[in-house]
Amino acid sequence: MKMKASGRRLPATPAIRSRIAALLLSMFAAAASLYVAGRLWQDAESRVYLMEELDKITGQGQSAISLDDSLRITACREQRKKLSALEMELAAAKQEGFVSKYSTGVDQSGSKKKPVAVIGILTSFGRRNKRDAIRKAWMGTGASLKKLENDKNIVVRPNRGDSLDSSIDNEDRETKDFIILDNHVETEEALPKKTMLFFAHVADNWDAQFYAKANDDVFVNVDALGSALAAHADKPRVYVGCMKSGEVFSELSQKWYEPDWWKFGDGKTYFRHASSEIFVISQALARFVSINR
């Protein structure tokens, strides 16, 4: 007589459980090894790339690479990626029908020749004597201003914000040489914004190699400026300007009193920074300002 098989499972023995645990541990170790190997391979590729880039810059063969050099090279790579992305966005915008305001080859000055530079004189209300001094000394008005543009291939314009002052409106009607920055109110705190709006405006309206900002008490040697910029004409992204430092005046009675003098430490000296009296940027940088304003 046959016995009917029981439906109950036999309990797992300790040997079977240990084999399963060993198998799982082996699989985990293999996965961890592959992950670590992959990361080491990526790090090795990065180190090789950084050393190759440094060799290209220094012209040397095998050399030790410092942390500062590594950070600079990495930052350059990131900037290249951003610029490439912007170029792709610009190409896509053109395909969708975007057309530059100066794409016909005739810019706002009426000249078909691409200007070397557009110089903006940042000025404000109540400073006509400064503007007249510039017009008399080097900028010119009317026919002499047009002659400067044709002979030197450099455009010069004073610029200001929206006007509530009839005197500057009368001056504009008389000289016809102002750039008016729409939706900008003249205040001391808004000067950085005014500079940004100026570069965006000229980048949108003049197809020039360079764009310069100068204060209304700066007298520019146009010939020297043109010669200096010619040396940088083959560089796509250029900033030309002065760097400065100096004493921080902490006494309220002093002419150049700095309210935030305490931020500069015991030495009371400004850190090295770009001077704003006059500086020049290339077309690529001005367009970047226009896109990201």
# chains A, B, ... in the order shown; residues from 1 in each chain; ligands from 1
>>> residues_around(residues="A:Leu225", least_positions_apart="2", cutoff="12 Å", atoms="only C-alpha atoms", output="list in words")
Val116, Ala117, Val118, Ile119, Lys152, Asn153, Ile154, Phe210, Tyr211, Ala212, Phe219, Val220, Asn221, Val222, Asp223, Ser227, Ala228, Leu229, Ala230, Ala231, His232, Val240, Gly241, Ile278, Phe279 and Val280 of chain A
>>> write_last_selection(atoms="N, CA, C and O atoms", output="mmCIF file, in the first residue's frame")
data_model
loop_
_atom_site.group_PDB
_atom_site.id
_atom_site.type_symbol
_atom_site.label_atom_id
_atom_site.label_comp_id
_atom_site.auth_asym_id
_atom_site.auth_seq_id
_atom_site.Cartn_x
_atom_site.Cartn_y
_atom_site.Cartn_z
ATOM 1 N N VAL A 116 34.535 100.006 -35.671
ATOM 2 C CA VAL A 116 35.509 99.384 -34.783
ATOM 3 C C VAL A 116 34.956 99.373 -33.361
ATOM 4 O O VAL A 116 35.054 98.371 -32.649
ATOM 5 N N ALA A 117 34.371 100.500 -32.955
ATOM 6 C CA ALA A 117 33.858 100.598 -31.583
ATOM 7 C C ALA A 117 32.705 101.579 -31.518
ATOM 8 O O ALA A 117 32.628 102.529 -32.305
ATOM 9 N N VAL A 118 31.816 101.338 -30.576
ATOM 10 C CA VAL A 118 30.766 102.292 -30.207
ATOM 11 C C VAL A 118 31.056 102.723 -28.777
ATOM 12 O O VAL A 118 31.101 101.891 -27.869
ATOM 13 N N ILE A 119 31.280 104.009 -28.583
ATOM 14 C CA ILE A 119 31.613 104.547 -27.258
ATOM 15 C C ILE A 119 30.380 105.238 -26.697
ATOM 16 O O ILE A 119 29.815 106.142 -27.330
ATOM 17 N N LYS A 152 37.373 107.664 -38.626
ATOM 18 C CA LYS A 152 37.975 106.789 -37.618
ATOM 19 C C LYS A 152 37.200 105.487 -37.436
ATOM 20 O O LYS A 152 37.665 104.571 -36.757
ATOM 21 N N ASN A 153 35.993 105.432 -38.002
ATOM 22 C CA ASN A 153 35.144 104.248 -37.881
ATOM 23 C C ASN A 153 34.794 103.949 -36.420
ATOM 24 O O ASN A 153 34.724 102.790 -35.995
ATOM 25 N N ILE A 154 34.595 105.021 -35.644
ATOM 26 C CA ILE A 154 34.236 104.908 -34.228
ATOM 27 C C ILE A 154 33.014 105.790 -33.970
ATOM 28 O O ILE A 154 32.993 106.968 -34.329
ATOM 29 N N PHE A 210 33.741 96.260 -31.006
ATOM 30 C CA PHE A 210 33.873 96.519 -29.575
ATOM 31 C C PHE A 210 32.857 97.570 -29.147
ATOM 32 O O PHE A 210 32.360 98.359 -29.966
ATOM 33 N N TYR A 211 32.575 97.564 -27.831
ATOM 34 C CA TYR A 211 31.688 98.556 -27.235
ATOM 35 C C TYR A 211 32.368 99.094 -25.975
ATOM 36 O O TYR A 211 32.843 98.318 -25.144
ATOM 37 N N ALA A 212 32.407 100.431 -25.863
ATOM 38 C CA ALA A 212 33.119 101.059 -24.748
ATOM 39 C C ALA A 212 32.169 101.932 -23.936
ATOM 40 O O ALA A 212 31.262 102.569 -24.476
ATOM 41 N N PHE A 219 38.361 112.136 -21.176
ATOM 42 C CA PHE A 219 38.714 112.619 -22.509
ATOM 43 C C PHE A 219 39.479 111.511 -23.218
ATOM 44 O O PHE A 219 40.558 111.115 -22.790
ATOM 45 N N VAL A 220 38.910 111.031 -24.311
ATOM 46 C CA VAL A 220 39.429 109.852 -24.994
ATOM 47 C C VAL A 220 40.313 110.254 -26.169
ATOM 48 O O VAL A 220 39.927 111.112 -26.989
ATOM 49 N N ASN A 221 41.483 109.628 -26.260
ATOM 50 C CA ASN A 221 42.335 109.747 -27.441
ATOM 51 C C ASN A 221 41.860 108.684 -28.425
ATOM 52 O O ASN A 221 42.195 107.507 -28.292
ATOM 53 N N VAL A 222 41.064 109.092 -29.397
ATOM 54 C CA VAL A 222 40.410 108.145 -30.283
ATOM 55 C C VAL A 222 41.423 107.336 -31.086
ATOM 56 O O VAL A 222 41.252 106.127 -31.283
ATOM 57 N N ASP A 223 42.482 107.974 -31.566
ATOM 58 C CA ASP A 223 43.497 107.264 -32.350
ATOM 59 C C ASP A 223 44.183 106.187 -31.510
ATOM 60 O O ASP A 223 44.399 105.065 -31.979
ATOM 61 N N SER A 227 44.053 102.055 -32.053
ATOM 62 C CA SER A 227 45.263 101.240 -32.187
ATOM 63 C C SER A 227 45.301 100.132 -31.143
ATOM 64 O O SER A 227 45.684 98.996 -31.433
ATOM 65 N N ALA A 228 44.892 100.467 -29.918
ATOM 66 C CA ALA A 228 44.896 99.462 -28.848
ATOM 67 C C ALA A 228 43.899 98.345 -29.144
ATOM 68 O O ALA A 228 44.185 97.160 -28.926
ATOM 69 N N LEU A 229 42.721 98.699 -29.661
ATOM 70 C CA LEU A 229 41.710 97.684 -29.941
ATOM 71 C C LEU A 229 42.093 96.821 -31.141
ATOM 72 O O LEU A 229 41.704 95.652 -31.209
ATOM 73 N N ALA A 230 42.853 97.372 -32.084
ATOM 74 C CA ALA A 230 43.271 96.596 -33.254
ATOM 75 C C ALA A 230 44.105 95.390 -32.836
ATOM 76 O O ALA A 230 44.083 94.349 -33.502
ATOM 77 N N ALA A 231 44.831 95.512 -31.730
ATOM 78 C CA ALA A 231 45.659 94.401 -31.253
ATOM 79 C C ALA A 231 44.820 93.249 -30.707
ATOM 80 O O ALA A 231 45.325 92.138 -30.530
ATOM 81 N N HIS A 232 43.536 93.511 -30.426
ATOM 82 C CA HIS A 232 42.657 92.473 -29.860
ATOM 83 C C HIS A 232 41.542 92.066 -30.832
ATOM 84 O O HIS A 232 40.612 91.363 -30.435
ATOM 85 N N VAL A 240 38.872 95.137 -21.935
ATOM 86 C CA VAL A 240 40.016 96.039 -21.875
ATOM 87 C C VAL A 240 39.667 97.157 -20.908
ATOM 88 O O VAL A 240 38.688 97.878 -21.108
ATOM 89 N N GLY A 241 40.447 97.293 -19.863
ATOM 90 C CA GLY A 241 40.178 98.332 -18.882
ATOM 91 C C GLY A 241 41.290 98.426 -17.858
ATOM 92 O O GLY A 241 42.289 97.712 -17.943
ATOM 93 N N ILE A 278 36.482 104.113 -17.694
ATOM 94 C CA ILE A 278 36.344 103.711 -19.088
ATOM 95 C C ILE A 278 36.775 102.257 -19.209
ATOM 96 O O ILE A 278 37.765 101.850 -18.594
ATOM 97 N N PHE A 279 36.003 101.465 -19.946
ATOM 98 C CA PHE A 279 36.423 100.103 -20.267
ATOM 99 C C PHE A 279 35.712 99.658 -21.535
ATOM 100 O O PHE A 279 34.729 100.262 -21.978
ATOM 101 N N VAL A 280 36.249 98.610 -22.141
ATOM 102 C CA VAL A 280 35.784 98.135 -23.450
ATOM 103 C C VAL A 280 35.513 96.639 -23.360
ATOM 104 O O VAL A 280 36.267 95.911 -22.713
#
>>> select_by_dssp(residues="stretch 187-268 of chain A", states="strand (DSSP E)", output="list in words")
Phe210, Tyr211, Ala212, Lys213, Ala214, Asn215, Tyr239, Val240, Gly241, Cys242, Met243, Lys244, Ser245, Gly246 and Glu247 of chain A
>>> write_last_selection(atoms="N, CA, C and O atoms", output="CSV table (one decimal), in the first residue's frame")
chain,number,residue,atom,x,y,z
A,210,PHE,N,33.7,96.3,-31.0
A,210,PHE,CA,33.9,96.5,-29.6
A,210,PHE,C,32.9,97.6,-29.1
A,210,PHE,O,32.4,98.4,-30.0
A,211,TYR,N,32.6,97.6,-27.8
A,211,TYR,CA,31.7,98.6,-27.2
A,211,TYR,C,32.4,99.1,-26.0
A,211,TYR,O,32.8,98.3,-25.1
A,212,ALA,N,32.4,100.4,-25.9
A,212,ALA,CA,33.1,101.1,-24.7
A,212,ALA,C,32.2,101.9,-23.9
A,212,ALA,O,31.3,102.6,-24.5
A,213,LYS,N,32.4,101.9,-22.6
A,213,LYS,CA,31.7,102.8,-21.7
A,213,LYS,C,32.7,103.8,-21.1
A,213,LYS,O,33.7,103.4,-20.7
A,214,ALA,N,32.3,105.1,-21.1
A,214,ALA,CA,33.2,106.1,-20.5
A,214,ALA,C,32.4,107.1,-19.7
A,214,ALA,O,31.2,107.4,-20.1
A,215,ASN,N,32.9,107.6,-18.7
A,215,ASN,CA,32.2,108.7,-17.9
A,215,ASN,C,32.3,110.0,-18.6
A,215,ASN,O,33.1,110.2,-19.5
A,239,TYR,N,37.9,91.9,-22.6
A,239,TYR,CA,37.7,93.0,-21.7
A,239,TYR,C,39.0,93.8,-21.7
A,239,TYR,O,40.0,93.3,-21.4
A,240,VAL,N,38.9,95.1,-21.9
A,240,VAL,CA,40.0,96.0,-21.9
A,240,VAL,C,39.7,97.2,-20.9
A,240,VAL,O,38.7,97.9,-21.1
A,241,GLY,N,40.4,97.3,-19.9
A,241,GLY,CA,40.2,98.3,-18.9
A,241,GLY,C,41.3,98.4,-17.9
A,241,GLY,O,42.3,97.7,-17.9
A,242,CYS,N,41.1,99.3,-16.9
A,242,CYS,CA,42.1,99.5,-15.9
A,242,CYS,C,41.7,98.8,-14.6
A,242,CYS,O,40.5,98.7,-14.3
A,243,MET,N,42.7,98.4,-13.9
A,243,MET,CA,42.5,97.8,-12.5
A,243,MET,C,43.0,98.7,-11.5
A,243,MET,O,44.1,99.4,-11.7
A,244,LYS,N,42.4,98.8,-10.4
A,244,LYS,CA,42.9,99.7,-9.4
A,244,LYS,C,42.7,99.2,-8.0
A,244,LYS,O,41.9,98.3,-7.7
A,245,SER,N,43.3,99.9,-7.0
A,245,SER,CA,43.1,99.6,-5.6
A,245,SER,C,43.4,101.0,-4.9
A,245,SER,O,43.4,102.0,-5.6
A,246,GLY,N,43.5,101.0,-3.6
A,246,GLY,CA,43.7,102.3,-2.9
A,246,GLY,C,43.2,102.3,-1.5
A,246,GLY,O,42.5,101.4,-1.1
A,247,GLU,N,43.4,103.4,-0.9
A,247,GLU,CA,43.0,103.6,0.5
A,247,GLU,C,41.5,103.7,0.7
A,247,GLU,O,40.8,104.3,-0.1
>>> residues_around(residues="A:Met196", least_positions_apart="3", cutoff="9 Å", atoms="only C-alpha atoms", output="list in words")
Leu191, Pro192, Lys193, Phe199, Ala200, His201, Ala286, Val289, Ser290 and Arg293 of chain A
>>> select_by_dssp(residues="stretch 93-258 of chain A", states="helix (DSSP H, G or I)", output="ChimeraX atom specification")
/A:93-95,128-139,142-152,166-175,188-205,222-230
>>> closest_residue(among="A:His184, A:Lys113, A:Arg127, A:Lys136", to="A:Ala208", atoms="only C-alpha atoms")
A:Lys113
>>> atom_distance(atom1="atom CA of A:Thr269", atom2="atom CA of A:Lys255")
16.1 Å
>>> closest_residue(among="A:Gln209, A:Ser124, A:Phe198, A:Tyr270", to="A:Val185", atoms="only C-alpha atoms")
A:Ser124
>>> atom_distance(atom1="atom CA of A:Ile168", atom2="atom CA of A:Gly142")
17.2 Å
>>> closest_residue(among="A:Ala284, A:Ala190, A:Val218, A:Leu25", to="A:Gly120", atoms="only C-alpha atoms")
A:Val218
>>> atom_distance(atom1="atom CA of A:Trp256", atom2="atom CA of A:Glu188")
15.0 Å
